[in-house]
Amino acid sequence: MARLPAGIRFIISFSRDQWYRAFIFILTFLLYASFHLSRKPISIVKGELHRYCAPVNKGRVRPDGQSQIASGVATHQLPDNETDCGWAPFDQDNYQQLLGALDYSFLCAYAVGMYLSGIIGERLPIRYYLTFGMLASGTFTALFGLGYFYNIHSFSFYVVTQIINGLVQTTGWPSVVTCLSNWFGKGRRGLIMGVWNSHTSVGNILGSLIAGYWVSTCWGLSFIVPGAIVAAMGVVCFLFLIEHPKDIACSPTLVAHSKSYENGTHRFRLQKPAAPDEKLLDPETQCLLLSDGKRAIRQNHVVLLPAAEGGSSMAAISFMGALKIPGVVEFSLCLLFAKLVSYTFLFWLPLYITNVDHLDAQKAGELSTLFDVGGIFGGILAGVVSDRLEKRASTCGLMLLLAAPTLYVFSTISKMGLEATVAMLLLSGALVSGPYALITTAVSADLGTHKSLKGNSHALATVTAIIDGTGSVGAALGPLLAGLISPSGWNNVFYMLMLADACALLFLIRLIHKELSCPGSATADQVPFKEH
C-alpha cells in the first residue's frame with residue numbers, strides 16, 4: 001500500500017472539529033478586520049480634507065504632475081480666495097475642531113450603541129445580527145465617500161453619516177467574541193486571544209494602505225472601496241458563519257489529539273475510562289485526570305452549570321447583574337483611558353506625521369501602519385506574559401507603566417527625523433495596544449465566564465459590550481480632545497495621552513494588589529466550567 005502524500009497526512013492529522021474551529025477562527029478574524037478597515041480612512045483623508053493653502057491656476061496639481069482637469073478627475077469649486085485649502089467646510093481655520101467633531105460623532109454613537117448592542121445581540125441570531133451590521137456599515141462608509149463625487153460640502157451630512165455608521169458598527173464586537181467563545185469554550189488562552197485580536201491592527205494596516213492609494217487623487221474611493229469590502233464580508237458572514245458547534249454536531253469543548261490539556265496551574269491528561277466505583281460527572285469529565293494520573297476529577301472539583309427548565313440556556317444576564325461581576329468595573333474604567341490613547345493614535349497619527357515630518361497624506365498613512373505593526377506584537381506579547389504569570393491586571397499595569405514615558409520620548413525625538421519616528425511608532429504601538437488588546441479579549445472572556453455567573457452562557461456578550469462600551473467612551477473623548485488641544489501644540493496632546501495612561505493604571509491598582517498578594521486568586525476564577 002502506497003504511503004499517503006505529506007499534504008494528505010497533514011490534513012487527516014487534525015480532526016473534523018479542529019478544522020471547523022480553525023475555520024471559525026479565521027472567519028471571525030477577517031470579519032472584524034474588515035470593520036477596522038472601514039474605520040481607518042477618515043484618519044488618512046484628514047490630511048487631504050485640509051491642506052496647506054496653495055495657489056491654484058488651471059486646476060489642482062496632483063503629486064504625479066498632472067492636473068485634475070488633465071487627468072479627468074472631477075473638479076470642485078474652490079474657495080473665493082482662489083486658493084485650494086482642502087475640502088469645504090474643512091478648509092477653514094477651525095478645521096481641527098471640525099475633524100475632531102467627526103471622530104466624536106462616530107465614536108460617541110459607537111459608545112452609546114455598544115451598551116445596547118450586547119443586550120440585543122444575545123436575543124438575536126448572531127449570523128443575522130452581524131450580517132445586518134456589516135451591510136449597513138458598508139453602506140454608510142461608502143456614503144461618506146459619495147460626498148466627494150456629488151460635491152457635498154454640508155458638515156451635517158458627514159456628521160450624520162458618521163453617527164449612523166458608529167451605531168451599526170456596534171454589532172461587530174459582541175457578535176464575534178461570543179461566536180469565538182462558543183467554539184473555543186473555556187480553553188481559550190491569552191496567547192490565542194492575543195493572536196486573534198491582531199485583526200484590529202491588520203484591519204488598520206489594510207485600511208491605511210487602501211485609503212492611502214486614492215487619498216491624493218480621489219479621496220471618495222478611500223471610503224467607497226473599504227465600504228464595499230465590509231459589505232462583501234457581510235455576505236460571506238451570512239453564507240458561512242456557524243454560531244455554535246452544536247449547529248454542526250461538533251464537540252462543544254476543545255478535545256485535542258495530544259495527551260495533555262492545560263488550564264491555569266493544573267495539567268490534565270487523557271486517560272482510559274475510570275473504574276466503575278469512580279463517581280464521575282459525565283463522559284467529557286471522565287477523560288480528564290489530574291497530572292499524577294492516579295485519580296479522576298470528582299464532583300467537588302468541577303463547577304456544574306445549571307440550565308433553565310426544559311434544557312434551554314439560561315436567561316440573558318441583566319446590565320446591573322453584569323456590573324456586579326468582580327473586576328468588570330475596574331477593567332472597564334481602565335479600558336476607557338487605554339482606548340482613549342489608542343484611538344487618538346488611530347484617528348490623528350497620520351495628520352501628526354504630516355505636520356511633523358512634512359509628508360503627504362499617502363506617505364503619512366503608510367508610515368502610520370507601523371504603529372499597528374507594533375500593536376500586533378504588543379497584543380501577542382501581553383497574552384503570552386499574562387498566560388505565563390497568570391496575572392492579567394499586572395500584565396496590563398506593567399505595559400501602561402512603560403507606555404507613559406515612551407509617549408514622552410516619542411513626542412520629543414519624532415521631530416528629529418524619519419528613522420526616530422519609525423522606531424518609536426513600533427515601540428509605542430506595542431505598549432499602547434497591548435493592554436487594550438488583552439482587556440478586550442482574554443480579560444473579557446474570563447469575566448464573561450466568571451464562577452459567580454454559575455454557568456450563565458448568555459453573560460459573555462453583555463460583559464463584553466459593557467467593557468468595550470465603556471472603553472468606547474474614552475475612544476470618543478480622545479480624538480475630540482486631540483482636536484481641541486492640538487492647535488496649542490502637539491506636545492500638549494501627548495501630555496494628555498500620558499495622563500490617560502496614568503489614570504488607566506490607577507484603576508487597576510486594587511486588582512494588581514490582589515494578584516500580587518494572592519498568587520492563586522487570578523487562576524482560581526478561571527477553572528473550566530461544564531455547560532449542560
# chains A, B, ... in the order shown; residues from 1 in each chain; ligands from 1
call {"tool": "residues_around", "arguments": {"residues": "A:Leu407", "least_positions_apart": "3", "cutoff": "8 Å", "atoms": "only C-alpha atoms", "output": "PyMOL selection string"}}
result
chain A and resi 403-404+410-411+428+494+497-498
call {"tool": "closest_atom_pairs", "arguments": {"of": "stretch 339-426 of chain A", "to": "stretch 499-515 of chain A", "cutoff": "12 Å", "atoms": "only C-alpha atoms", "output": "Markdown table"}}
result
| residue | atom | partner | partner_atom | distance |
| --- | --- | --- | --- | --- |
| A:Lys339 | CA | A:Ala500 | CA | 9.3 |
| A:Leu340 | CA | A:Ala500 | CA | 7.2 |
| A:Val341 | CA | A:Ala500 | CA | 6.9 |
| A:Ser342 | CA | A:Asp501 | CA | 10.2 |
| A:Thr344 | CA | A:Ala500 | CA | 11.1 |
| A:Ser386 | CA | A:Glu515 | CA | 11.6 |
| A:Leu389 | CA | A:Glu515 | CA | 10.0 |
| A:Glu390 | CA | A:Glu515 | CA | 8.9 |
| A:Lys391 | CA | A:Glu515 | CA | 6.4 |
| A:Arg392 | CA | A:Ile512 | CA | 8.5 |
| A:Ala393 | CA | A:Ile512 | CA | 5.5 |
| A:Ser394 | CA | A:Ile512 | CA | 5.2 |
| A:Thr395 | CA | A:Ile512 | CA | 8.9 |
| A:Cys396 | CA | A:Leu505 | CA | 8.0 |
| A:Gly397 | CA | A:Leu505 | CA | 5.5 |
| A:Leu398 | CA | A:Leu505 | CA | 8.6 |
| A:Met399 | CA | A:Leu505 | CA | 9.2 |
| A:Leu400 | CA | A:Asp501 | CA | 5.9 |
| A:Leu401 | CA | A:Leu505 | CA | 7.1 |
| A:Leu402 | CA | A:Asp501 | CA | 9.4 |
| A:Ala403 | CA | A:Asp501 | CA | 7.2 |
| A:Ala404 | CA | A:Asp501 | CA | 6.0 |
| A:Pro405 | CA | A:Asp501 | CA | 9.8 |
| A:Thr406 | CA | A:Asp501 | CA | 10.9 |
| A:Leu407 | CA | A:Asp501 | CA | 9.7 |
| A:Tyr408 | CA | A:Leu499 | CA | 10.8 |
call {"tool": "residues_around", "arguments": {"residues": "A:Val236", "least_positions_apart": "6", "cutoff": "9 Å", "atoms": "only C-alpha atoms", "output": "list in words"}}
result
Leu27, Leu31 and Thr131 of chain A
call {"tool": "write_last_selection", "arguments": {"atoms": "N, CA, C and O atoms", "output": "JSON list (two decimals), in the first residue's frame"}}
result
[["chain", "number", "residue", "atom", "x", "y", "z"],
["A", 27, "LEU", "N", -12.37, 33.05, 10.03],
["A", 27, "LEU", "CA", -13.51, 33.82, 9.54],
["A", 27, "LEU", "C", -13.82, 34.99, 10.44],
["A", 27, "LEU", "O", -13.99, 36.13, 9.96],
["A", 31, "LEU", "N", -13.71, 38.96, 9.54],
["A", 31, "LEU", "CA", -14.92, 39.76, 9.66],
["A", 31, "LEU", "C", -14.66, 41.04, 10.46],
["A", 31, "LEU", "O", -15.04, 42.14, 10.03],
["A", 131, "THR", "N", -24.52, 40.09, 10.08],
["A", 131, "THR", "CA", -24.68, 40.37, 8.64],
["A", 131, "THR", "C", -25.34, 41.72, 8.42],
["A", 131, "THR", "O", -24.88, 42.52, 7.58]]
call {"tool": "atom_distance", "arguments": {"atom1": "atom CA of A:Gly469", "atom2": "atom CA of A:Leu370"}}
result
26.6 Å
call {"tool": "residues_around", "arguments": {"residues": "A:Gly47", "least_positions_apart": "4", "cutoff": "10 Å", "atoms": "only C-alpha atoms", "output": "PyMOL selection string"}}
result
chain A and resi 42-43+51-52+86+215-216+348+350-355+359-362+364-365
call {"tool": "residues_around", "arguments": {"residues": "A:Thr141", "least_positions_apart": "4", "cutoff": "9 Å", "atoms": "only C-alpha atoms", "output": "JSON, numbers by chain"}}
result
{"A": [38, 39, 136, 137, 145, 161, 162, 165, 223, 224, 225, 226, 227, 228, 230]}
call {"tool": "atom_distance", "arguments": {"atom1": "atom CA of A:Ala482", "atom2": "atom CA of A:Phe345"}}
result
9.6 Å
call {"tool": "atom_distance", "arguments": {"atom1": "atom CA of A:Tyr115", "atom2": "atom CA of A:Gly471"}}
result
10.8 Å
call {"tool": "closest_atom_pairs", "arguments": {"of": "stretch 170-242 of chain A", "to": "stretch 8-21 of chain A", "cutoff": "12 Å", "atoms": "only C-alpha atoms", "output": "tab-separated table"}}
result
residue	atom	partner	partner_atom	distance
A:Cys179	CA	A:Arg21	CA	10.7
A:Leu180	CA	A:Arg21	CA	8.7
A:Ser181	CA	A:Arg21	CA	10.7
A:Asn182	CA	A:Arg21	CA	10.1
A:Trp183	CA	A:Arg21	CA	6.4
A:Phe184	CA	A:Arg21	CA	7.4
A:Gly185	CA	A:Arg21	CA	10.8
A:Arg188	CA	A:Arg21	CA	11.8
A:Phe240	CA	A:Tyr20	CA	11.1
A:Leu241	CA	A:Tyr20	CA	10.6
A:Ile242	CA	A:Tyr20	CA	9.2
call {"tool": "residues_around", "arguments": {"residues": "A:Val329", "least_positions_apart": "5", "cutoff": "9 Å", "atoms": "only C-alpha atoms", "output": "PyMOL selection string"}}
result
chain A and resi 323-324+334+466-467
call {"tool": "closest_residue", "arguments": {"among": "A:Phe23, A:Phe238, A:Phe132, A:Phe371", "to": "A:Gly434", "atoms": "only C-alpha atoms"}}
result
A:Phe371
call {"tool": "closest_residue", "arguments": {"among": "A:Val432, A:Met424, A:Val45, A:Ala2", "to": "A:Ile210", "atoms": "only C-alpha atoms"}}
result
A:Val45
call {"tool": "closest_residue", "arguments": {"among": "A:Phe90, A:Tyr32, A:Phe155, A:Tyr104", "to": "A:Leu484", "atoms": "only C-alpha atoms"}}
result
A:Tyr104
call {"tool": "residues_around", "arguments": {"residues": "A:Pro174", "least_positions_apart": "4", "cutoff": "12 Å", "atoms": "only C-alpha atoms", "output": "number ranges by chain"}}
result
A: 28, 32, 113-122, 124, 126-127, 129-130, 133, 169-170, 178-181, 440-441, 444-445, 448, 458-469
call {"tool": "decode", "arguments": {"residues": "stretch 359-372 of chain A", "atoms": "all heavy atoms", "output": "mmCIF file, in the first residue's frame"}}
result
data_model
loop_
_atom_site.group_PDB
_atom_site.id
_atom_site.type_symbol
_atom_site.label_atom_id
_atom_site.label_comp_id
_atom_site.auth_asym_id
_atom_site.auth_seq_id
_atom_site.Cartn_x
_atom_site.Cartn_y
_atom_site.Cartn_z
ATOM 1 N N LEU A 359 5.262 65.100 5.418
ATOM 2 C CA LEU A 359 4.992 64.131 4.368
ATOM 3 C C LEU A 359 3.601 64.358 3.811
ATOM 4 O O LEU A 359 2.737 64.943 4.481
ATOM 5 C CB LEU A 359 5.108 62.701 4.916
ATOM 6 C CG LEU A 359 6.462 62.304 5.520
ATOM 7 C CD1 LEU A 359 6.373 60.900 6.099
ATOM 8 C CD2 LEU A 359 7.568 62.374 4.480
ATOM 9 N N ASP A 360 3.347 63.875 2.583
ATOM 10 C CA ASP A 360 1.997 63.998 2.042
ATOM 11 C C ASP A 360 1.090 62.968 2.701
ATOM 12 O O ASP A 360 1.537 62.089 3.442
ATOM 13 C CB ASP A 360 1.990 63.861 0.517
ATOM 14 C CG ASP A 360 2.521 62.511 0.036
ATOM 15 O OD1 ASP A 360 2.296 61.500 0.737
ATOM 16 O OD2 ASP A 360 3.161 62.466 -1.025
ATOM 17 N N ALA A 361 -0.206 63.074 2.430
ATOM 18 C CA ALA A 361 -1.198 62.241 3.123
ATOM 19 C C ALA A 361 -0.972 60.753 2.867
ATOM 20 O O ALA A 361 -1.130 59.927 3.771
ATOM 21 C CB ALA A 361 -2.612 62.638 2.693
ATOM 22 N N GLN A 362 -0.591 60.390 1.633
ATOM 23 C CA GLN A 362 -0.396 58.978 1.318
ATOM 24 C C GLN A 362 0.790 58.394 2.072
ATOM 25 O O GLN A 362 0.693 57.326 2.684
ATOM 26 C CB GLN A 362 -0.200 58.795 -0.183
ATOM 27 C CG GLN A 362 0.006 57.337 -0.588
ATOM 28 C CD GLN A 362 0.124 57.152 -2.093
ATOM 29 O OE1 GLN A 362 -0.006 58.120 -2.844
ATOM 30 N NE2 GLN A 362 0.361 55.941 -2.541
ATOM 31 N N LYS A 363 1.924 59.083 2.057
ATOM 32 C CA LYS A 363 3.108 58.572 2.742
ATOM 33 C C LYS A 363 2.918 58.557 4.255
ATOM 34 O O LYS A 363 3.389 57.649 4.944
ATOM 35 C CB LYS A 363 4.323 59.417 2.367
ATOM 36 C CG LYS A 363 4.745 59.259 0.906
ATOM 37 C CD LYS A 363 5.970 60.103 0.587
ATOM 38 C CE LYS A 363 6.389 59.928 -0.863
ATOM 39 N NZ LYS A 363 7.556 60.766 -1.221
ATOM 40 N N ALA A 364 2.210 59.568 4.783
ATOM 41 C CA ALA A 364 1.936 59.587 6.221
ATOM 42 C C ALA A 364 1.050 58.418 6.616
ATOM 43 O O ALA A 364 1.244 57.799 7.672
ATOM 44 C CB ALA A 364 1.278 60.905 6.607
ATOM 45 N N GLY A 365 0.062 58.106 5.777
ATOM 46 C CA GLY A 365 -0.800 56.959 6.065
ATOM 47 C C GLY A 365 -0.048 55.650 6.056
ATOM 48 O O GLY A 365 -0.273 54.780 6.904
ATOM 49 N N GLU A 366 0.874 55.500 5.102
ATOM 50 C CA GLU A 366 1.670 54.276 5.034
ATOM 51 C C GLU A 366 2.594 54.170 6.247
ATOM 52 O O GLU A 366 2.766 53.090 6.817
ATOM 53 C CB GLU A 366 2.475 54.265 3.740
ATOM 54 C CG GLU A 366 1.603 54.144 2.490
ATOM 55 C CD GLU A 366 2.400 54.324 1.209
ATOM 56 O OE1 GLU A 366 3.599 54.691 1.311
ATOM 57 O OE2 GLU A 366 1.833 54.119 0.125
ATOM 58 N N LEU A 367 3.188 55.285 6.643
ATOM 59 C CA LEU A 367 4.091 55.257 7.789
ATOM 60 C C LEU A 367 3.340 54.952 9.084
ATOM 61 O O LEU A 367 3.868 54.275 9.983
ATOM 62 C CB LEU A 367 4.824 56.593 7.906
ATOM 63 C CG LEU A 367 5.909 56.701 8.989
ATOM 64 C CD1 LEU A 367 7.007 55.682 8.749
ATOM 65 C CD2 LEU A 367 6.489 58.106 9.025
ATOM 66 N N SER A 368 2.105 55.423 9.189
ATOM 67 C CA SER A 368 1.325 55.213 10.411
ATOM 68 C C SER A 368 1.005 53.745 10.654
ATOM 69 O O SER A 368 0.671 53.359 11.773
ATOM 70 C CB SER A 368 0.030 56.024 10.367
ATOM 71 O OG SER A 368 -0.859 55.517 9.381
ATOM 72 N N THR A 369 1.094 52.916 9.605
ATOM 73 C CA THR A 369 0.804 51.490 9.778
ATOM 74 C C THR A 369 1.815 50.815 10.695
ATOM 75 O O THR A 369 1.536 49.744 11.244
ATOM 76 C CB THR A 369 0.797 50.760 8.422
ATOM 77 O OG1 THR A 369 2.091 50.888 7.802
ATOM 78 C CG2 THR A 369 -0.254 51.349 7.491
ATOM 79 N N LEU A 370 2.991 51.431 10.868
ATOM 80 C CA LEU A 370 3.994 50.844 11.763
ATOM 81 C C LEU A 370 3.487 50.807 13.204
ATOM 82 O O LEU A 370 3.868 49.918 13.978
ATOM 83 C CB LEU A 370 5.302 51.631 11.684
ATOM 84 C CG LEU A 370 6.049 51.557 10.352
ATOM 85 C CD1 LEU A 370 7.283 52.442 10.380
ATOM 86 C CD2 LEU A 370 6.432 50.112 10.025
ATOM 87 N N PHE A 371 2.653 51.764 13.575
ATOM 88 C CA PHE A 371 2.047 51.747 14.914
ATOM 89 C C PHE A 371 1.210 50.484 15.092
ATOM 90 O O PHE A 371 1.224 49.858 16.158
ATOM 91 C CB PHE A 371 1.194 53.001 15.105
ATOM 92 C CG PHE A 371 0.556 53.103 16.460
ATOM 93 C CD1 PHE A 371 1.237 53.664 17.535
ATOM 94 C CD2 PHE A 371 -0.731 52.648 16.675
ATOM 95 C CE1 PHE A 371 0.644 53.755 18.786
ATOM 96 C CE2 PHE A 371 -1.340 52.743 17.917
ATOM 97 C CZ PHE A 371 -0.645 53.297 18.976
ATOM 98 N N ASP A 372 0.481 50.096 14.043
ATOM 99 C CA ASP A 372 -0.350 48.897 14.115
ATOM 100 C C ASP A 372 0.481 47.631 14.048
ATOM 101 O O ASP A 372 0.104 46.604 14.623
ATOM 102 C CB ASP A 372 -1.385 48.919 12.983
ATOM 103 C CG ASP A 372 -2.362 50.063 13.122
ATOM 104 O OD1 ASP A 372 -3.094 50.098 14.121
ATOM 105 O OD2 ASP A 372 -2.390 50.943 12.239
#
